[in-house]
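Asks: Sending over target.tsv (TSV, C-alpha atoms).
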chain	number	residue	atom	x	y	z
A	1	MET	CA	10.25	-13.64	16.61
A	2	ALA	CA	8.18	-10.49	16.23
A	3	GLN	CA	6.16	-9.32	19.22
A	4	ILE	CA	2.45	-9.50	18.40
A	5	PHE	CA	-0.36	-7.63	20.13
A	6	TYR	CA	-4.05	-8.52	20.23
A	7	THR	CA	-7.29	-6.97	21.48
A	8	HIS	CA	-6.61	-7.87	25.11
A	9	ASP	CA	-3.38	-5.85	24.92
A	10	ALA	CA	-5.12	-2.65	23.81
A	11	ASN	CA	-6.77	0.07	25.89
A	12	PRO	CA	-9.82	1.05	23.80
A	13	ALA	CA	-10.40	4.12	25.99
A	14	ALA	CA	-7.01	5.67	25.21
A	15	LEU	CA	-8.41	7.77	22.33
A	16	THR	CA	-11.86	8.36	23.80
A	17	GLY	CA	-12.65	12.07	23.71
A	18	LYS	CA	-9.89	12.78	21.21
A	19	THR	CA	-10.44	13.83	17.61
A	20	ILE	CA	-8.74	11.84	14.85
A	21	ALA	CA	-8.14	13.61	11.54
A	22	ILE	CA	-7.67	11.38	8.51
A	23	LEU	CA	-5.84	13.32	5.79
A	24	GLY	CA	-6.78	11.71	2.50
A	25	TYR	CA	-9.77	9.55	1.56
A	26	GLY	CA	-8.32	7.05	-0.88
A	27	SER	CA	-7.92	3.31	-0.39
A	28	GLN	CA	-6.59	3.46	3.17
A	29	GLY	CA	-8.22	6.75	4.12
A	30	HIS	CA	-11.82	5.70	3.56
A	31	ALA	CA	-11.29	2.36	5.30
A	32	GLN	CA	-9.46	3.63	8.36
A	33	ALA	CA	-11.84	6.55	8.80
A	34	GLN	CA	-14.98	4.42	8.65
A	35	ASN	CA	-13.57	1.65	10.83
A	36	LEU	CA	-12.50	4.13	13.51
A	37	ARG	CA	-15.90	5.86	13.41
A	38	ASP	CA	-17.73	2.54	13.70
A	39	SER	CA	-15.51	1.67	16.67
A	40	GLY	CA	-16.87	4.74	18.45
A	41	TYR	CA	-14.11	7.29	17.89
A	42	ASN	CA	-14.52	10.90	16.80
A	43	VAL	CA	-13.22	11.07	13.22
A	44	ILE	CA	-12.96	13.96	10.78
A	45	VAL	CA	-11.51	14.00	7.27
A	46	GLY	CA	-9.01	16.54	5.97
A	47	LEU	CA	-9.52	17.24	2.26
A	48	ASP	CA	-10.10	20.07	-0.13
A	49	PRO	CA	-13.91	20.24	0.22
A	50	ASN	CA	-14.34	20.55	-3.56
A	51	ARG	CA	-12.57	17.31	-4.45
A	52	PRO	CA	-14.70	14.32	-5.55
A	53	ARG	CA	-13.38	12.25	-2.66
A	54	ALA	CA	-14.57	14.93	-0.25
A	55	ARG	CA	-18.06	14.47	-1.65
A	56	GLN	CA	-17.70	10.72	-1.16
A	57	ALA	CA	-16.54	11.23	2.43
A	58	ARG	CA	-19.58	13.38	3.17
A	59	ALA	CA	-21.81	10.76	1.55
A	60	ASP	CA	-20.25	8.23	3.93
A	61	GLY	CA	-21.29	10.42	6.85
A	62	MET	CA	-17.93	12.08	7.51
A	63	GLN	CA	-17.28	15.68	8.49
A	64	VAL	CA	-14.85	17.16	5.97
A	65	PHE	CA	-12.59	20.14	6.59
A	66	PRO	CA	-9.68	21.65	4.67
A	67	PRO	CA	-6.47	19.89	5.80
A	68	SER	CA	-5.16	22.81	7.87
A	69	GLU	CA	-8.48	23.14	9.72
A	70	ALA	CA	-8.66	19.39	10.31
A	71	VAL	CA	-5.17	19.46	11.84
A	72	ARG	CA	-6.13	22.37	14.11
A	73	ARG	CA	-9.18	20.47	15.37
A	74	ALA	CA	-7.46	17.11	15.82
A	75	ASP	CA	-5.48	15.40	18.55
A	76	TRP	CA	-4.32	12.66	16.15
A	77	ILE	CA	-3.34	13.49	12.57
A	78	GLN	CA	-3.12	10.44	10.30
A	79	ILE	CA	-1.41	11.18	6.97
A	80	LEU	CA	-2.80	8.89	4.28
A	81	THR	CA	-1.87	10.79	1.13
A	82	PRO	CA	0.76	9.47	-1.34
A	83	ASP	CA	4.38	9.36	-0.14
A	84	GLU	CA	5.55	11.84	-2.77
A	85	THR	CA	3.08	14.53	-1.65
A	86	GLN	CA	3.39	14.23	2.11
A	87	GLY	CA	6.31	16.64	2.49
A	88	GLU	CA	4.40	19.43	0.77
A	89	LEU	CA	1.21	18.67	2.71
A	90	TYR	CA	3.15	18.68	5.97
A	91	ALA	CA	4.79	22.04	5.25
A	92	SER	CA	1.59	23.75	4.10
A	93	ALA	CA	-1.12	22.35	6.35
A	94	ILE	CA	0.28	20.25	9.19
A	95	GLN	CA	3.43	21.87	10.56
A	96	PRO	CA	1.83	25.31	11.23
A	97	ASN	CA	-0.92	23.62	13.26
A	98	LEU	CA	1.01	20.82	14.98
A	99	THR	CA	0.98	21.83	18.64
A	100	PRO	CA	2.75	20.00	21.50
A	101	GLY	CA	1.18	16.76	22.65
A	102	LYS	CA	-0.50	15.89	19.38
A	103	ILE	CA	-0.02	12.56	17.67
A	104	LEU	CA	1.29	12.34	14.11
A	105	GLY	CA	0.48	9.03	12.47
A	106	VAL	CA	1.32	7.39	9.16
A	107	SER	CA	0.71	4.01	7.54
A	108	HIS	CA	4.06	3.86	5.75
A	109	GLY	CA	7.33	5.17	7.12
A	110	PHE	CA	8.80	6.66	3.92
A	111	SER	CA	8.33	10.36	4.70
A	112	ILE	CA	9.58	10.08	8.28
A	113	HIS	CA	12.44	7.67	7.65
A	114	PHE	CA	13.76	9.59	4.64
A	115	LYS	CA	13.07	12.94	6.32
A	116	THR	CA	10.75	14.58	3.83
A	117	ILE	CA	8.90	15.25	7.09
A	118	THR	CA	10.80	16.19	10.26
A	119	PRO	CA	8.33	16.48	13.14
A	120	PRO	CA	9.07	18.57	16.24
A	121	LYS	CA	10.23	16.68	19.34
A	122	ASP	CA	7.12	17.53	21.35
A	123	VAL	CA	4.68	15.33	19.40
A	124	ASP	CA	4.23	11.57	19.26
A	125	VAL	CA	5.16	10.02	15.91
A	126	VAL	CA	3.68	6.58	15.31
A	127	MET	CA	2.90	4.16	12.51
A	128	ILE	CA	-0.01	1.78	12.10
A	129	ALA	CA	0.44	0.02	8.76
A	130	PRO	CA	-2.35	-2.38	7.73
A	131	LYS	CA	-1.01	-5.30	5.72
A	132	SER	CA	-3.93	-5.23	3.33
A	133	PRO	CA	-5.49	-2.88	0.78
A	134	GLY	CA	-8.08	-0.51	2.15
A	135	HIS	CA	-11.13	-2.18	0.64
A	136	LEU	CA	-10.16	-5.44	2.34
A	137	LEU	CA	-9.44	-3.68	5.65
A	138	ARG	CA	-12.96	-2.25	5.53
A	139	ARG	CA	-14.64	-5.44	4.40
A	140	VAL	CA	-13.18	-7.76	7.02
A	141	TYR	CA	-13.88	-5.20	9.75
A	142	SER	CA	-17.53	-5.07	8.63
A	143	GLU	CA	-17.61	-8.87	8.86
A	144	GLY	CA	-16.39	-8.76	12.46
A	145	ARG	CA	-12.84	-9.77	11.62
A	146	GLY	CA	-9.65	-7.79	11.08
A	147	ALA	CA	-6.56	-7.40	8.92
A	148	PRO	CA	-3.08	-7.56	10.51
A	149	SER	CA	-1.09	-4.36	10.95
A	150	LEU	CA	2.42	-3.28	11.84
A	151	ILE	CA	3.04	-0.88	14.73
A	152	ALA	CA	6.09	1.34	15.25
A	153	ILE	CA	6.98	4.26	17.49
A	154	GLN	CA	9.42	6.90	16.24
A	155	GLN	CA	8.86	9.50	18.99
A	156	ASP	CA	7.16	9.13	22.37
A	157	ALA	CA	6.73	12.71	23.59
A	158	THR	CA	3.70	11.95	25.76
A	159	GLY	CA	4.93	8.69	27.24
A	160	ARG	CA	1.76	7.06	25.89
A	161	ALA	CA	2.60	6.75	22.17
A	162	HIS	CA	2.47	2.95	22.16
A	163	GLU	CA	-0.81	2.92	24.06
A	164	TYR	CA	-2.33	5.41	21.63
A	165	ALA	CA	-1.04	3.54	18.59
A	166	LEU	CA	-2.36	0.21	19.82
A	167	CYS	CA	-5.74	1.84	20.50
A	168	TYR	CA	-5.77	3.14	16.91
A	169	ALA	CA	-5.00	-0.40	15.71
A	170	TYR	CA	-7.91	-1.60	17.82
A	171	GLY	CA	-10.12	1.04	16.20
A	172	ILE	CA	-9.43	-0.13	12.66
A	173	GLY	CA	-9.89	-3.78	13.67
A	174	SER	CA	-6.30	-4.95	13.43
A	175	THR	CA	-5.97	-6.20	17.02
A	176	ARG	CA	-8.54	-8.85	16.06
A	177	ALA	CA	-5.95	-10.36	13.70
A	178	GLY	CA	-2.63	-9.35	15.28
A	179	VAL	CA	-0.42	-6.25	15.35
A	180	LEU	CA	3.32	-6.86	14.84
A	181	GLN	CA	5.97	-4.66	16.45
A	182	THR	CA	8.50	-3.14	14.04
A	183	THR	CA	10.43	0.09	13.47
A	184	PHE	CA	10.02	2.86	10.90
A	185	GLN	CA	13.30	1.82	9.30
A	186	GLU	CA	12.41	-1.86	9.05
A	187	GLU	CA	8.91	-1.26	7.70
A	188	THR	CA	10.04	1.31	5.15
A	189	GLU	CA	13.04	-0.56	3.79
A	190	THR	CA	11.38	-4.00	3.66
A	191	ASP	CA	8.23	-2.55	2.08
A	192	LEU	CA	10.18	-0.81	-0.68
A	193	PHE	CA	12.29	-3.91	-1.22
A	194	GLY	CA	9.25	-6.17	-1.46
A	195	GLU	CA	7.56	-3.85	-3.97
A	196	GLN	CA	10.61	-3.45	-6.17
A	197	SER	CA	12.16	-6.92	-6.07
A	198	VAL	CA	9.26	-9.34	-5.61
A	199	LEU	CA	5.66	-8.16	-5.44
A	200	CYS	CA	5.59	-5.58	-8.23
A	201	GLY	CA	8.89	-5.08	-10.06
A	202	GLY	CA	10.14	-8.65	-9.83
A	203	LEU	CA	6.78	-10.25	-10.56
A	204	THR	CA	5.83	-8.07	-13.52
A	205	SER	CA	9.26	-8.47	-15.07
A	206	LEU	CA	9.09	-12.26	-14.65
A	207	ILE	CA	5.64	-12.37	-16.24
A	208	LYS	CA	6.64	-10.19	-19.21
A	209	LYS	CA	9.86	-12.09	-19.88
A	210	GLY	CA	8.01	-15.40	-19.82
A	211	PHE	CA	5.43	-14.01	-22.24
A	212	GLU	CA	8.11	-12.57	-24.53
A	213	THR	CA	10.06	-15.85	-24.55
A	214	LEU	CA	7.06	-17.90	-25.66
A	215	VAL	CA	5.94	-15.39	-28.31
A	216	ALA	CA	9.49	-15.13	-29.70
A	217	ALA	CA	9.54	-18.94	-29.97
A	218	GLY	CA	6.45	-18.80	-32.19
A	219	TYR	CA	3.67	-19.59	-29.74
A	220	GLN	CA	0.39	-17.71	-29.87
A	221	PRO	CA	0.32	-14.58	-27.67
A	222	GLU	CA	-3.04	-15.62	-26.22
A	223	ILE	CA	-1.63	-18.95	-25.05
A	224	ALA	CA	1.45	-17.20	-23.65
A	225	TYR	CA	-0.82	-14.79	-21.75
A	226	PHE	CA	-2.74	-17.59	-20.09
A	227	GLU	CA	0.39	-19.52	-19.16
A	228	CYS	CA	2.45	-16.61	-17.83
A	229	LEU	CA	-0.10	-14.17	-16.41
A	230	HIS	CA	-3.62	-15.53	-16.07
A	231	GLU	CA	-2.66	-18.66	-14.15
A	232	MET	CA	-0.42	-16.67	-11.80
A	233	LYS	CA	-3.46	-15.92	-9.63
A	234	LEU	CA	-4.22	-19.61	-9.18
A	235	ILE	CA	-0.69	-20.27	-7.92
A	236	VAL	CA	-0.54	-17.18	-5.71
A	237	ASP	CA	-3.90	-18.03	-4.12
A	238	LEU	CA	-2.56	-21.46	-3.14
A	239	ILE	CA	0.62	-19.92	-1.72
A	240	TYR	CA	-1.45	-17.35	0.18
A	241	GLU	CA	-3.63	-20.07	1.69
A	242	GLY	CA	-0.87	-22.36	2.88
A	243	GLY	CA	2.61	-21.33	1.81
A	244	LEU	CA	4.82	-22.91	-0.83
A	245	SER	CA	4.08	-26.40	0.46
A	246	ARG	CA	0.34	-25.94	-0.06
A	247	MET	CA	0.95	-24.88	-3.66
A	248	ARG	CA	3.26	-27.82	-4.32
A	249	TYR	CA	0.76	-30.23	-2.77
A	250	SER	CA	-1.95	-28.96	-5.10
A	251	ILE	CA	-0.11	-28.99	-8.43
A	252	SER	CA	0.83	-32.01	-10.50
A	253	ASN	CA	3.99	-34.00	-9.86
A	254	THR	CA	5.26	-32.85	-13.24
A	255	ALA	CA	4.77	-29.21	-12.28
A	256	GLU	CA	6.36	-29.72	-8.87
A	257	TYR	CA	9.42	-31.45	-10.33
A	258	GLY	CA	9.81	-28.64	-12.88
A	259	ASP	CA	9.51	-26.13	-10.03
A	260	LEU	CA	12.17	-27.83	-7.93
A	261	THR	CA	14.65	-28.44	-10.75
A	262	ARG	CA	14.24	-25.38	-13.00
A	263	GLY	CA	13.06	-22.51	-10.84
A	264	ASN	CA	16.49	-21.71	-9.47
A	265	GLU	CA	17.93	-21.67	-12.98
A	266	VAL	CA	15.55	-18.84	-13.90
A	267	VAL	CA	15.57	-16.93	-10.62
A	268	GLY	CA	18.88	-17.86	-9.03
A	269	ASP	CA	22.03	-16.39	-7.55
A	270	ALA	CA	22.24	-13.61	-10.14
A	271	THR	CA	18.76	-12.49	-9.12
A	272	ARG	CA	19.74	-12.52	-5.46
A	273	ASP	CA	22.78	-10.40	-6.28
A	274	ALA	CA	20.55	-7.91	-8.08
A	275	MET	CA	18.17	-7.90	-5.11
A	276	GLN	CA	21.03	-7.11	-2.75
A	277	LYS	CA	21.96	-4.13	-4.92
A	278	THR	CA	18.34	-2.98	-4.93
A	279	LEU	CA	18.20	-3.27	-1.15
A	280	ALA	CA	21.44	-1.32	-0.76
A	281	ARG	CA	20.03	1.53	-2.86
A	282	ILE	CA	16.97	1.59	-0.62
A	283	GLN	CA	19.01	1.52	2.59
A	284	ASP	CA	21.39	4.32	1.61
A	285	GLY	CA	18.55	6.57	0.42
A	286	THR	CA	19.42	6.46	-3.30
A	287	PHE	CA	15.94	5.32	-4.31
A	288	ALA	CA	14.23	7.87	-2.05
A	289	ARG	CA	16.30	10.72	-3.48
A	290	GLU	CA	15.57	9.52	-7.02
A	291	TRP	CA	11.82	9.34	-6.38
A	292	ILE	CA	11.70	12.73	-4.69
A	293	THR	CA	13.67	14.31	-7.55
A	294	GLU	CA	11.43	12.63	-10.12
A	295	ASN	CA	8.38	14.30	-8.60
A	296	GLN	CA	10.12	17.65	-8.22
A	297	ASN	CA	10.80	17.48	-11.98
A	298	GLY	CA	7.15	16.86	-12.81
A	299	GLY	CA	7.24	13.07	-13.11
A	300	LYS	CA	8.15	13.11	-16.82
A	301	ASN	CA	10.27	9.96	-16.75
A	302	PHE	CA	7.61	8.23	-14.65
A	303	ALA	CA	4.97	9.10	-17.25
A	304	THR	CA	7.18	7.80	-20.07
A	305	LEU	CA	7.74	4.51	-18.26
A	306	ARG	CA	4.02	4.14	-17.56
A	307	GLU	CA	3.14	4.70	-21.19
A	308	ALA	CA	5.72	2.18	-22.41
A	309	GLU	CA	4.33	-0.47	-20.08
A	310	ARG	CA	0.76	0.27	-21.13
A	311	ARG	CA	1.75	-0.45	-24.74
A	312	HIS	CA	3.44	-3.78	-24.01
A	313	PRO	CA	1.84	-6.56	-26.07
A	314	ILE	CA	0.86	-8.51	-22.96
A	315	GLU	CA	-1.42	-5.64	-21.96
A	316	GLU	CA	-3.07	-5.48	-25.38
A	317	VAL	CA	-3.58	-9.24	-25.54
A	318	GLY	CA	-4.76	-9.34	-21.94
A	319	ALA	CA	-7.35	-6.60	-22.38
A	320	ARG	CA	-8.86	-8.49	-25.30
A	321	LEU	CA	-8.95	-11.81	-23.43
A	322	ARG	CA	-10.34	-10.32	-20.22
A	323	GLY	CA	-13.21	-8.95	-22.28
A	324	MET	CA	-14.22	-12.58	-22.86
A	325	MET	CA	-14.16	-13.49	-19.16
A	326	SER	CA	-17.79	-13.27	-18.09
A	327	TRP	CA	-16.90	-14.07	-14.49
A	328	LEU	CA	-14.95	-10.84	-14.01
A	329	PRO	CA	-17.04	-8.08	-12.38
A	330	LYS	CA	-18.31	-5.61	-14.98
A	331	GLU	CA	-16.92	-2.67	-13.03
A	332	ILE	CA	-13.40	-4.12	-13.28
A	333	LYS	CA	-13.62	-4.55	-17.04
A	334	LYS	CA	-15.03	-1.05	-17.41
A	335	ALA	CA	-12.14	0.30	-15.35
A	336	GLU	CA	-9.46	-1.07	-17.69
A	337	PRO	CA	-7.05	1.90	-18.04
A	338	GLN	CA	-6.85	3.24	-21.58
A	339	THR	CA	-4.32	6.01	-21.05
A	340	THR	CA	-1.86	6.93	-18.34
A	341	THR	CA	-3.73	10.20	-17.79
A	342	GLU	CA	-6.54	8.26	-16.13
A	343	LYS	CA	-4.34	7.93	-13.04
A	344	ILE	CA	-3.97	11.28	-11.31
A	345	PRO	CA	-0.50	12.79	-11.78
A	346	THR	CA	1.47	12.62	-8.54
A	347	GLN	CA	1.83	16.38	-8.20
A	348	GLN	CA	-1.97	16.78	-8.22
A	349	VAL	CA	-2.86	14.49	-5.32
A	350	VAL	CA	-1.67	16.44	-2.29
A	351	ASN	CA	-5.18	16.63	-0.89
A	352	ALA	CA	-6.55	13.49	-2.54
If you convert what's in this file into structure tokens, what do you get?
Replies:
Amino acid sequence: MAQIFYTHDANPAALTGKTIAILGYGSQGHAQAQNLRDSGYNVIVGLDPNRPRARQARADGMQVFPPSEAVRRADWIQILTPDETQGELYASAIQPNLTPGKILGVSHGFSIHFKTITPPKDVDVVMIAPKSPGHLLRRVYSEGRGAPSLIAIQQDATGRAHEYALCYAYGIGSTRAGVLQTTFQEETETDLFGEQSVLCGGLTSLIKKGFETLVAAGYQPEIAYFECLHEMKLIVDLIYEGGLSRMRYSISNTAEYGDLTRGNEVVGDATRDAMQKTLARIQDGTFAREWITENQNGGKNFATLREAERRHPIEEVGARLRGMMSWLPKEIKKAEPQTTTEKIPTQQVVNA
């Protein structure tokens, strides 16, 4: 059983009088920065002052400094830029200004575990990883609640790394919900595995193959879309609320019997074998090396893969059908990506 910490376990005064620099102001950056500020801590943001997100940070009442200056001013440096850019950011802005006794924090262990960042031994290295997207972390905090987080300590130079980390978790609201003890290795490897095998890679492949099977059999693409993609949210919401048993309680007996007798035929032992291979490539660093090399080469293969997925028929059918769904927020429909260039290339987001 994981060890779980709550508000009564934290020392809210541990970071009082210290300056926390949030490097990056994206999904997690804006949420963590604002939650910490509203909890009474001194927060600054490290960004290129000319970037649009720097303007947003200032509009939110944040002091914004170039990353190197933010690191110089801070006692805690929280790196919340994309994994693939953190090594470059560390070398250019953090390492030259990382003096003994400072705290280096992350919300995902990739750069530390796979050594794109190698901190000196005289700083604390900690992880507070919210198990929610940033907008939800901010929203539930504003409602007086919190989102769970993971906590891990890689280096404890001060002897107070755990105390500081738990205080940070308190500041973003996570001790209200529960903070689970883990390690950098466990968080990094399980997170990558979940993304690749289940949450993103596995799920999207399952959806597309279901869609392709029905269309190839002569069924209308619109019907295939609803059956294989649209209704996925209804099922996942039930699972989220109460596990697999809650979902099975809520569906028809016909659906439950089909689930119990056919599911393992589709996603069975062969899938588990493939998952084990995926996990092995994460554990031995193969995936990390591949991803780092991909970005060093300009992300050309990544861009090609993105474009191919954008052109999949399920995306074209889905965009048309979602345009008919009046209940979807207008801003979501307006934000439907039209080209892969709308997402910032990885090599351009070092200070995002």
Asks: Record the distance separating atom CA of A:Asp38 and atom CA of A:Ile172, expressed in Å with one decimal.
Replies: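 Computed distance, atom CA of A:Asp38 to atom CA of A:Ile172, equals 8.8 Å.
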Asks: Record the distance separating atom CA of A:Gln283 and atom CA of A:Thr183, expressed in Å with one decimal.
Replies: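 Calculated distance between atom CA of A:Gln283 and atom CA of A:Thr183 is 13.9 Å.
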Asks: Can you tell me, as AutoDock Vina command-line options, the centre and edge lengths (Å, one decimal) of the axis-aligned box enclosing all of stretch 297-307 of chain A's listed atoms after padding each side by 8 Å?
Replies:
--center_x 7.0 --center_y 10.8 --center_z -16.6 --size_x 23.7 --size_y 29.3 --size_z 25.2
Asks: If you count all atoms listed in the file, which residues fall within 12 Å of stretch 314-330 of chain A, apart from same-chain ones fewer than 5 positions away, as a PyMOL selection string?
Replies: chain A and resi 204-205+207-215+220-230+307-309+335-338
Asks: Quick one: everything within 9 Å of stretch 146-159 of chain A, counting all atoms listed in the file, minus sequence neighbours fewer than 6 positions away in the same chain. Send it as number ranges by chain.
Replies: A: 100-103, 107, 112, 121-132, 136-140, 165-166, 169, 172-184, 187
Asks: Which distance in Å separates atom CA of A:Ile79 and atom CA of A:Ala91, to one decimal?
Replies: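 Atom-to-atom, atom CA of A:Ile79 to atom CA of A:Ala91, that is 12.6 Å.
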Asks: Which residue out of A:Tyr141, A:Leu89, A:Gln56, A:Ile282 has the minimum interatomic distance to A:Phe193 when only C-alpha atoms are used?
Replies: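 Among the listed residues, A:Ile282 lies closest to A:Phe193.
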Asks: If you count all atoms listed in the file, which residues fall within 8 Å of A:Thr278, apart from same-chain ones fewer than 2 positions away, as an mmCIF file with C-alpha atoms, in the coordinates of the input?
Replies:
data_model
loop_
_atom_site.group_PDB
_atom_site.id
_atom_site.type_symbol
_atom_site.label_atom_id
_atom_site.label_comp_id
_atom_site.auth_asym_id
_atom_site.auth_seq_id
_atom_site.Cartn_x
_atom_site.Cartn_y
_atom_site.Cartn_z
ATOM 1 C CA PHE A 193 12.290 -3.910 -1.220
ATOM 2 C CA GLN A 196 10.610 -3.450 -6.170
ATOM 3 C CA SER A 197 12.160 -6.920 -6.070
ATOM 4 C CA ALA A 274 20.550 -7.910 -8.080
ATOM 5 C CA MET A 275 18.170 -7.900 -5.110
ATOM 6 C CA GLN A 276 21.030 -7.110 -2.750
ATOM 7 C CA ALA A 280 21.440 -1.320 -0.760
ATOM 8 C CA ARG A 281 20.030 1.530 -2.860
ATOM 9 C CA ILE A 282 16.970 1.590 -0.620
#
Asks: With distances taken over all atoms listed in the file, which residue among A:Gly194, A:Pro120, A:Asn97, A:Arg145 lies nearest A:Thr7?
Replies: A:Arg145
Asks: Which residues come within 12 Å of A:Ala74, counting only C-alpha atoms, excluding same-chain residues fewer than 6 positions away, as number ranges by chain?
Replies: A: 15, 17-23, 42-46, 65, 67-68, 94, 97-99, 101-105
